[in-house]
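Below: input_35.txt (compact mmCIF, C-alpha atoms)
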# COMPACT_ATOMS: atom_id res chain seq x y z
CA MET A 790 -18.64 0.06 10.00
CA ASN A 791 -18.65 2.67 12.79
CA ARG A 792 -18.56 6.42 12.41
CA GLY A 793 -14.78 6.56 12.83
CA SER A 794 -14.25 4.03 10.02
CA VAL A 795 -16.59 5.94 7.72
CA GLY A 796 -14.68 9.12 8.50
CA ARG A 797 -11.34 7.47 7.70
CA VAL A 798 -12.69 6.14 4.39
CA GLY A 799 -13.93 9.60 3.43
CA PHE A 800 -10.68 11.22 4.53
CA ALA A 801 -8.55 8.81 2.48
CA ALA A 802 -10.80 9.12 -0.59
CA LEU A 803 -11.16 12.91 -0.42
CA PRO A 804 -8.02 13.92 -2.41
CA PHE A 805 -8.87 11.59 -5.28
CA VAL A 806 -12.45 12.83 -5.41
CA LEU A 807 -11.31 16.46 -5.39
CA ALA A 808 -8.61 15.87 -8.03
CA LEU A 809 -11.07 14.05 -10.30
CA ALA A 810 -13.68 16.78 -9.83
CA ALA A 811 -11.14 19.50 -10.61
CA ASP A 812 -10.02 17.81 -13.84
CA LEU A 813 -13.61 17.21 -14.95
CA ILE A 814 -14.55 20.83 -14.23
CA LEU A 815 -11.58 22.04 -16.26
CA PHE A 816 -12.56 19.72 -19.09
CA ALA A 817 -16.13 21.03 -19.07
CA THR A 818 -14.85 24.63 -18.99
CA TRP A 819 -12.41 24.16 -21.88
CA ARG A 820 -14.39 21.60 -23.90
CA ASP A 821 -15.30 23.98 -26.73
CA ARG A 822 -11.67 25.12 -26.99
CA LEU A 823 -10.19 21.61 -27.23
CA PRO A 824 -9.50 19.80 -30.51
CA ALA A 825 -11.50 16.68 -31.32
CA GLN A 826 -8.35 14.58 -30.91
CA ILE A 827 -6.26 16.02 -28.08
CA ALA A 828 -2.53 15.44 -27.74
CA SER A 829 -2.49 12.83 -25.02
CA HIS A 830 0.95 11.26 -25.02
CA PHE A 831 4.38 12.87 -25.14
CA VAL A 832 7.93 11.63 -25.56
CA GLY A 833 10.91 12.64 -23.43
CA ASN A 834 11.41 16.01 -25.13
CA GLY A 835 7.77 16.96 -24.67
CA GLN A 836 6.74 16.43 -28.30
CA VAL A 837 3.43 14.79 -29.14
CA ASP A 838 3.56 11.04 -29.66
CA ASP A 839 -0.13 10.11 -29.76
CA HIS A 840 -3.63 11.56 -29.71
CA ALA A 841 -6.89 10.52 -28.07
CA SER A 842 -10.51 11.57 -28.28
CA ARG A 843 -11.99 13.81 -25.63
CA GLY A 844 -14.14 10.92 -24.49
CA SER A 845 -11.06 8.77 -24.03
CA TYR A 846 -9.53 11.46 -21.82
CA ILE A 847 -12.60 11.36 -19.55
CA ALA A 848 -12.47 7.56 -19.37
CA VAL A 849 -8.76 7.51 -18.52
CA VAL A 850 -9.11 10.17 -15.82
CA VAL A 851 -12.04 8.39 -14.17
CA VAL A 852 -10.36 4.98 -14.25
CA LEU A 853 -7.05 6.35 -12.94
CA PHE A 854 -8.50 8.22 -9.99
CA ALA A 855 -11.08 5.55 -9.17
CA GLY A 856 -8.54 2.71 -9.33
CA ILE A 857 -5.63 4.38 -7.52
CA GLY A 858 -8.05 6.03 -5.10
CA ALA A 859 -9.64 2.69 -4.20
CA LEU A 860 -6.19 1.22 -3.64
CA GLY A 861 -5.21 4.17 -1.45
CA VAL A 862 -8.38 3.85 0.63
CA LEU A 863 -7.85 0.11 0.99
CA MET A 864 -4.27 0.60 2.20
CA ALA A 865 -5.26 3.33 4.66
CA VAL A 866 -8.36 1.68 6.11
CA ALA A 867 -7.95 -2.09 5.71
CA GLY A 868 -4.19 -2.06 6.18
CA LYS A 869 -4.48 -1.61 9.97
CA TYR A 870 -2.06 1.34 10.08
CA THR A 871 -1.91 3.27 13.33
CA GLY A 872 -0.30 6.42 14.66
CA ARG A 873 2.29 8.09 12.44
CA SER A 874 2.25 5.24 9.93
CA TYR A 875 -1.44 5.90 9.30
CA GLY A 876 -0.75 9.59 8.74
CA ARG A 877 2.08 8.89 6.29
CA VAL A 878 0.04 6.42 4.25
CA VAL A 879 -2.93 8.79 3.99
CA ALA A 880 -0.61 11.69 3.16
CA SER A 881 1.00 9.59 0.42
CA GLY A 882 -2.44 9.18 -1.13
CA TYR A 883 -2.85 12.96 -1.04
CA ALA A 884 0.51 13.31 -2.78
CA VAL A 885 -0.43 10.90 -5.58
CA ALA A 886 -3.79 12.61 -6.09
CA GLY A 887 -2.24 16.09 -6.09
CA GLY A 888 0.58 15.27 -8.49
CA LEU A 889 -1.55 13.20 -10.87
CA GLY A 890 -4.38 15.75 -10.77
CA TYR A 891 -2.04 18.51 -11.85
CA LEU A 892 -0.51 16.46 -14.70
CA MET A 893 -3.91 15.53 -16.10
CA ALA A 894 -4.97 19.18 -15.93
CA ALA A 895 -1.73 20.19 -17.67
CA VAL A 896 -2.54 17.84 -20.56
CA LEU A 897 -5.79 19.75 -21.08
CA PHE A 898 -4.09 23.12 -20.72
CA VAL A 899 -1.52 22.52 -23.47
CA ASN A 900 -4.34 21.50 -25.84
CA VAL A 901 -6.51 24.60 -25.31
CA ASP A 902 -7.04 26.56 -28.58
CA ALA A 903 -4.71 24.20 -30.50
CA ALA A 904 -5.04 24.07 -34.28
CA GLN A 905 -6.44 20.88 -35.84
CA ASP A 906 -5.62 18.87 -38.93
CA ALA A 907 -8.18 17.28 -41.22
CA GLN A 908 -8.68 14.40 -38.77
CA GLY A 909 -9.23 16.76 -35.86
CA ARG A 910 -5.84 16.04 -34.28
CA ALA A 911 -4.15 18.81 -32.29
CA LEU A 912 -1.28 20.55 -34.06
CA GLY A 913 1.65 22.49 -32.62
CA VAL A 914 1.19 21.10 -29.10
CA SER A 915 4.08 20.26 -26.75
CA PHE A 916 4.32 19.33 -23.10
CA PRO A 917 7.08 21.40 -21.42
CA LEU A 918 8.97 19.25 -18.93
CA TRP A 919 8.65 21.91 -16.25
CA HIS A 920 5.12 20.59 -15.80
CA LEU A 921 6.68 17.46 -14.27
CA ALA A 922 8.53 19.63 -11.73
CA VAL A 923 5.34 21.52 -10.90
CA GLY A 924 3.50 18.20 -10.55
CA LEU A 925 6.16 17.03 -8.10
CA GLY A 926 5.78 20.26 -6.16
CA ALA A 927 2.02 19.78 -6.03
CA ALA A 928 2.56 16.25 -4.72
CA VAL A 929 4.89 17.52 -1.97
CA LEU A 930 2.41 20.20 -0.89
CA ALA A 931 -0.44 17.69 -0.92
CA PHE A 932 1.65 15.30 1.19
CA GLY A 933 2.18 18.01 3.80
CA LEU A 934 -1.52 18.84 3.78
CA GLY A 935 -2.37 15.18 4.27
CA LEU A 936 -0.09 14.97 7.29
CA LEU A 937 -1.71 18.03 8.83
CA LEU A 938 -5.23 16.71 8.27
CA ALA A 939 -4.47 13.14 9.41
CA ALA A 940 -5.01 14.18 13.04
CA LEU A 941 -8.71 14.73 12.28
CA PHE A 942 -9.29 10.97 12.02
CA PRO A 943 -6.54 9.37 14.11
CA ARG A 944 -6.26 5.63 14.29
CA GLU A 945 -4.93 4.36 17.56
CA ALA A 946 -3.24 1.02 18.05
CA ALA A 947 -5.25 -1.80 19.53
CA PRO A 948 -4.47 -2.58 23.19
CA ALA A 949 -1.73 -5.15 23.59
CA VAL A 950 -2.11 -8.55 25.17
CA ARG A 951 -0.45 -8.48 28.59
CA ARG A 952 3.26 -9.27 28.35
CA PRO A 953 4.38 -12.29 30.32
CA ALA A 954 6.43 -11.31 33.36
CA GLY A 955 10.02 -12.35 33.78
CA GLY A 956 10.47 -13.75 30.27
CA VAL A 957 8.01 -16.64 30.89
CA GLU A 958 7.43 -18.71 27.75
CA ARG A 959 3.71 -19.13 28.41
CA ILE A 960 0.77 -16.81 29.11
CA GLU A 961 -1.61 -18.10 31.74
CA LEU A 962 -5.21 -18.17 30.58
CA ALA A 963 -8.21 -19.02 32.72
CA ASP A 964 -10.52 -21.85 31.68
CA GLY A 965 -12.58 -20.68 28.74
CA GLU A 966 -10.56 -17.48 28.32
CA ILE A 967 -9.75 -16.50 24.74
CA ALA A 968 -6.76 -14.36 23.79
CA GLY A 969 -5.27 -13.05 20.59
CA TRP A 970 -2.30 -10.95 19.57
CA ALA A 971 -1.75 -8.78 16.49
CA ARG A 972 0.93 -6.39 15.25
CA ASN A 973 1.98 -4.62 12.08
CA ALA A 974 5.22 -6.18 10.84
CA GLY A 975 6.29 -3.46 8.42
CA THR A 976 8.23 -0.23 8.59
CA TRP A 977 6.97 3.29 7.95
CA TRP A 978 8.75 3.59 4.58
CA LEU A 979 7.58 0.28 3.10
CA PRO A 980 4.19 1.59 1.87
CA LEU A 981 6.02 4.33 -0.02
CA VAL A 982 7.67 1.76 -2.31
CA PRO A 983 4.47 0.83 -4.21
CA LEU A 984 3.55 4.51 -4.46
CA VAL A 985 6.95 5.20 -6.05
CA ALA A 986 6.34 2.33 -8.48
CA LEU A 987 2.94 3.77 -9.40
CA GLY A 988 4.54 7.18 -9.82
CA VAL A 989 7.12 5.70 -12.20
CA GLY A 990 4.27 4.11 -14.13
CA ILE A 991 2.53 7.48 -14.46
CA VAL A 992 5.73 9.15 -15.70
CA LEU A 993 6.29 6.34 -18.23
CA LEU A 994 2.70 6.73 -19.35
CA PHE A 995 3.48 10.31 -20.35
CA THR A 996 7.09 9.98 -21.54
CA ALA A 997 7.23 6.49 -23.09
CA ASP A 998 4.13 4.42 -23.87
CA TRP A 999 1.45 2.47 -22.05
CA ILE A 1000 3.24 -0.85 -22.67
CA ALA A 1001 6.29 0.39 -20.76
CA ALA A 1002 4.07 1.67 -17.94
CA ILE A 1003 2.20 -1.60 -17.37
CA PRO A 1004 5.02 -3.40 -15.47
CA ALA A 1005 5.42 -0.45 -13.09
CA PHE A 1006 1.66 -0.35 -12.42
CA VAL A 1007 1.50 -4.12 -11.88
CA ILE A 1008 4.50 -4.09 -9.52
CA GLY A 1009 3.04 -1.11 -7.65
CA VAL A 1010 -0.31 -2.84 -7.12
CA LEU A 1011 1.31 -6.13 -6.03
CA LEU A 1012 3.61 -4.35 -3.58
CA ALA A 1013 0.73 -2.28 -2.22
CA VAL A 1014 -1.27 -5.41 -1.41
CA PHE A 1015 1.52 -6.66 0.85
CA ALA A 1016 3.13 -3.37 1.84
CA ARG A 1017 1.96 -3.63 5.44
CA PRO A 1018 2.23 -7.23 6.64
CA TYR A 1019 0.01 -7.93 9.63
CA VAL A 1020 0.92 -10.74 12.03
CA THR A 1021 -1.73 -12.38 14.22
CA VAL A 1022 -1.62 -15.15 16.80
CA ASP A 1023 -4.92 -16.77 17.78
CA ARG A 1024 -6.61 -20.15 17.93
CA ARG A 1025 -6.15 -20.54 14.17
CA GLY A 1026 -2.38 -20.36 14.56
CA LEU A 1027 0.23 -17.90 13.30
CA THR A 1028 -0.93 -15.78 10.33
CA VAL A 1029 0.88 -13.23 8.18
CA SER A 1030 -1.42 -11.30 5.84
CA GLY A 1031 -1.48 -8.13 3.76
CA VAL A 1032 -4.16 -5.56 2.95
CA LEU A 1033 -6.31 -8.14 1.15
CA PRO A 1034 -7.33 -11.62 2.37
CA TRP A 1035 -4.91 -13.08 -0.18
CA PRO A 1036 -2.00 -13.66 -0.33
CA ARG A 1037 -1.50 -14.77 3.24
CA ILE A 1038 0.55 -17.32 5.13
CA ARG A 1039 -1.05 -19.31 7.94
CA ILE A 1040 0.71 -21.85 10.13
CA PRO A 1041 -1.98 -23.81 12.02
CA LEU A 1042 -1.44 -24.81 15.64
CA ASP A 1043 -1.31 -28.48 14.63
CA ARG A 1044 1.93 -27.84 12.75
CA ILE A 1045 3.67 -25.89 15.53
CA GLU A 1046 5.82 -27.71 18.09
CA ALA A 1047 7.01 -24.64 20.00
CA ALA A 1048 7.70 -20.94 19.50
CA GLY A 1049 10.35 -18.53 20.68
CA SER A 1050 11.57 -14.97 20.23
CA ARG A 1051 15.03 -13.85 19.19
CA LYS A 1052 16.94 -11.26 17.18
CA ILE A 1053 17.02 -12.02 13.45
CA ASN A 1054 19.44 -10.77 10.80
CA PRO A 1055 17.55 -11.28 7.49
CA LEU A 1056 20.57 -10.78 5.25
CA ALA A 1057 22.88 -13.09 7.16
CA GLU A 1058 20.32 -15.77 8.05
CA TYR A 1059 17.85 -15.69 5.15
CA GLY A 1060 19.81 -14.03 2.36
CA GLY A 1061 17.65 -10.91 2.18
CA TRP A 1062 14.22 -9.46 2.81
CA GLY A 1063 10.69 -10.39 1.80
CA TYR A 1064 9.33 -13.92 1.73
CA ARG A 1065 12.40 -16.13 2.04
CA ILE A 1066 12.87 -19.85 1.52
CA GLN A 1067 15.98 -21.52 2.90
CA PRO A 1068 16.84 -25.18 3.50
CA GLY A 1069 14.83 -26.24 6.52
CA ARG A 1070 13.17 -22.87 7.10
CA THR A 1071 11.00 -20.14 5.59
CA GLY A 1072 10.17 -16.67 6.80
CA VAL A 1073 8.77 -13.21 6.16
CA MET A 1074 11.64 -10.78 6.67
CA ILE A 1075 10.65 -7.11 6.64
CA ARG A 1076 13.46 -5.67 8.76
CA SER A 1077 16.24 -6.66 11.12
CA GLY A 1078 15.38 -7.13 14.78
CA GLU A 1079 13.25 -9.30 16.99
CA GLY A 1080 10.95 -11.90 15.51
CA ILE A 1081 8.85 -14.98 16.17
CA VAL A 1082 10.53 -18.29 15.37
CA ALA A 1083 8.20 -21.30 15.28
CA ASP A 1084 9.53 -24.86 15.26
CA LEU A 1085 7.27 -26.92 13.00
CA ALA A 1086 6.49 -30.58 12.79
CA GLY A 1087 8.94 -32.27 10.47
CA GLY A 1088 11.91 -30.25 11.66
CA ARG A 1089 11.32 -27.04 9.68
CA GLN A 1090 11.10 -23.49 11.04
CA PHE A 1091 8.99 -20.47 10.18
CA ALA A 1092 9.98 -16.96 11.28
CA VAL A 1093 8.61 -13.45 10.92
CA THR A 1094 10.21 -10.24 12.13
CA VAL A 1095 7.80 -8.23 14.24
CA GLU A 1096 7.85 -6.16 17.41
CA ASP A 1097 6.63 -7.62 20.73
CA SER A 1098 7.53 -11.07 19.45
CA GLU A 1099 8.15 -12.33 23.01
CA THR A 1100 4.49 -11.90 23.88
CA ALA A 1101 3.39 -13.45 20.60
CA ALA A 1102 5.62 -16.50 21.08
CA ALA A 1103 4.44 -16.97 24.67
CA LEU A 1104 0.78 -16.83 23.62
CA LEU A 1105 1.45 -19.16 20.72
CA ASN A 1106 2.99 -21.72 23.07
CA THR A 1107 -0.04 -21.47 25.35
CA LEU A 1108 -2.44 -22.00 22.45
CA VAL A 1109 -0.41 -24.96 21.20
CA ASP A 1110 -0.58 -26.52 24.69
CA GLN A 1111 -4.35 -25.98 24.82
CA ARG A 1112 -4.72 -27.58 21.40
CA ARG A 1113 -2.84 -30.65 22.54
CA THR A 1114 -4.94 -30.90 25.69
CA GLU A 1115 -8.18 -30.77 23.69
CA LYS A 1116 -7.20 -33.78 21.59

Kindly present the structure from the file in C-alpha cells form.
Amino acid sequence: MNRGSVGRVGFAALPFVLALAADLILFATWRDRLPAQIASHFVGNGQVDDHASRGSYIAVVVVLFAGIGALGVLMAVAGKYTGRSYGRVVASGYAVAGGLGYLMAAVLFVNVDAAQDAQGRALGVSFPLWHLAVGLGAAVLAFGLGLLLAALFPREAAPAVRRPAGGVERIELADGEIAGWARNAGTWWLPLVPLVALGVGIVLLFTADWIAAIPAFVIGVLLAVFARPYVTVDRRGLTVSGVLPWPRIRIPLDRIEAAGSRKINPLAEYGGWGYRIQPGRTGVMIRSGEGIVADLAGGRQFAVTVEDSETAAALLNTLVDQRRTEK
C-alpha cells in the first residue's frame, strides 16, 4: 500500500474516528451524571421504550462506528472510485458519521441528571424529535465538509487502453504484449442507496425496535458490497465484481464466441435493472446506454452496461482470438 492509499484510508476513516471519540469523551464527562440504566430506545413520539446499561451504550457505539466506518472505508478505497464519484462516496461517509455521532450524543444528553427508579432506570426522559432534524442538519454539513476535503487525497482514473481507430473490432497487440481494460459500471448516485438504507435502519433503531432495523441494515450492507460494479477485460475473460471479491461474475474466454458494443435499454430488453436473467441471455444492467454484449458458446448472451464498451469489446475479441491460437 503506497502513501496515497494510506492517506485515502485515513481520510475515509477520519469522520468515524472523530465521531466515536466525541461520543466517548461526552460519556466520560457525563458518566457520574448518568443513571445506571440509561434510556436507550424511544418510540415515535419520543417516549422511552427501553433501557440499557452504560456499558451497553459503549459497546453499541463502538460496534456501530467500527462496522459502518469499515464499510465506508472499504467502499471508498477498494471500490475503485475516481474523480467526483470518489468525493461523493467519501463525503457520504462523513454525512453518516456526523448524523449518527450527533444522535448518539443526544441520547446521552437527554439522560443527564435523570432521576432513577429502584432498578436504576432513568425516569422522566424523552427524546424530542427535533433531535432528528438536527442530526440531519449535521449530516448535511458533514457531507459538504467531506466534499471540500476530498481534494486533499484525489483519486484519478487509471489510463485507458488505446481505443481502436475507425470502429475496428480488434485491438492489435504485439507478440507477447499483455493488455487489460477496466471501468466502473455504476452511476454517481448508486452508492447513496445503501447509505439511505443504513440511515433508515438507524432511524428504526431509535423509533421502532432492533428487529425492525435489522432488514434495513442487511439490505444496506448487501447493496454497499455491489454498489459500484467494476468491469474488467483481461486474459481471464470478462469480469463484473463489486467492492469485495465476492459476489462476482466471470465469463472466461473459453465461453466467449465474440463480443460487440451497442446501446442497451435495460427496461425494454431485460425488464429492469440489476442482475437480470432472461431467456437466452443474462446481464448486469446499471443504467441505460452503451454496453458490452458477449455471444457465448451454446447460443446465450451476457451483457453489461458500461462506458467505453467499444474498446472493451475490441480487446475481448482480440483476447479470444489469442486464446484460440494458443490451443

Report summary line: For Gly1078 of chain A, the closest of A:Gly833, A:Pro1055, A:Gly924, A:Gly1031 counting all atoms listed in the file is A:Pro1055

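Here atom CA of Phe898 of chain A is placed at a distance of 11.0 Å from atom CA of Thr818 of chain A.
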
Query raised in the report: Which polymer residues have any atom within 12 Å of an atom of Trp919 of chain A, counting all atoms listed in the file, with same-chain residues fewer than 2 positions away left out, as an MDAnalysis selection string?
Result: chainID A and resid 833:835 892 895 915:917 921:926

Report task. Extract, using all atoms listed in the file, all DNA, RNA and protein residues at most 12 Å from Asp906 of chain A, discarding same-chain residues fewer than 6 positions from it, and format them as a PyMOL selection string. Result -> chain A and resi 824-827+840+912-913

Report task. Could you tell me which of A:Ala865, A:Ala808, A:Leu962, A:Val985 comes closest to Gly1009 of chain A if we count all atoms listed in the file? Result -> A:Val985
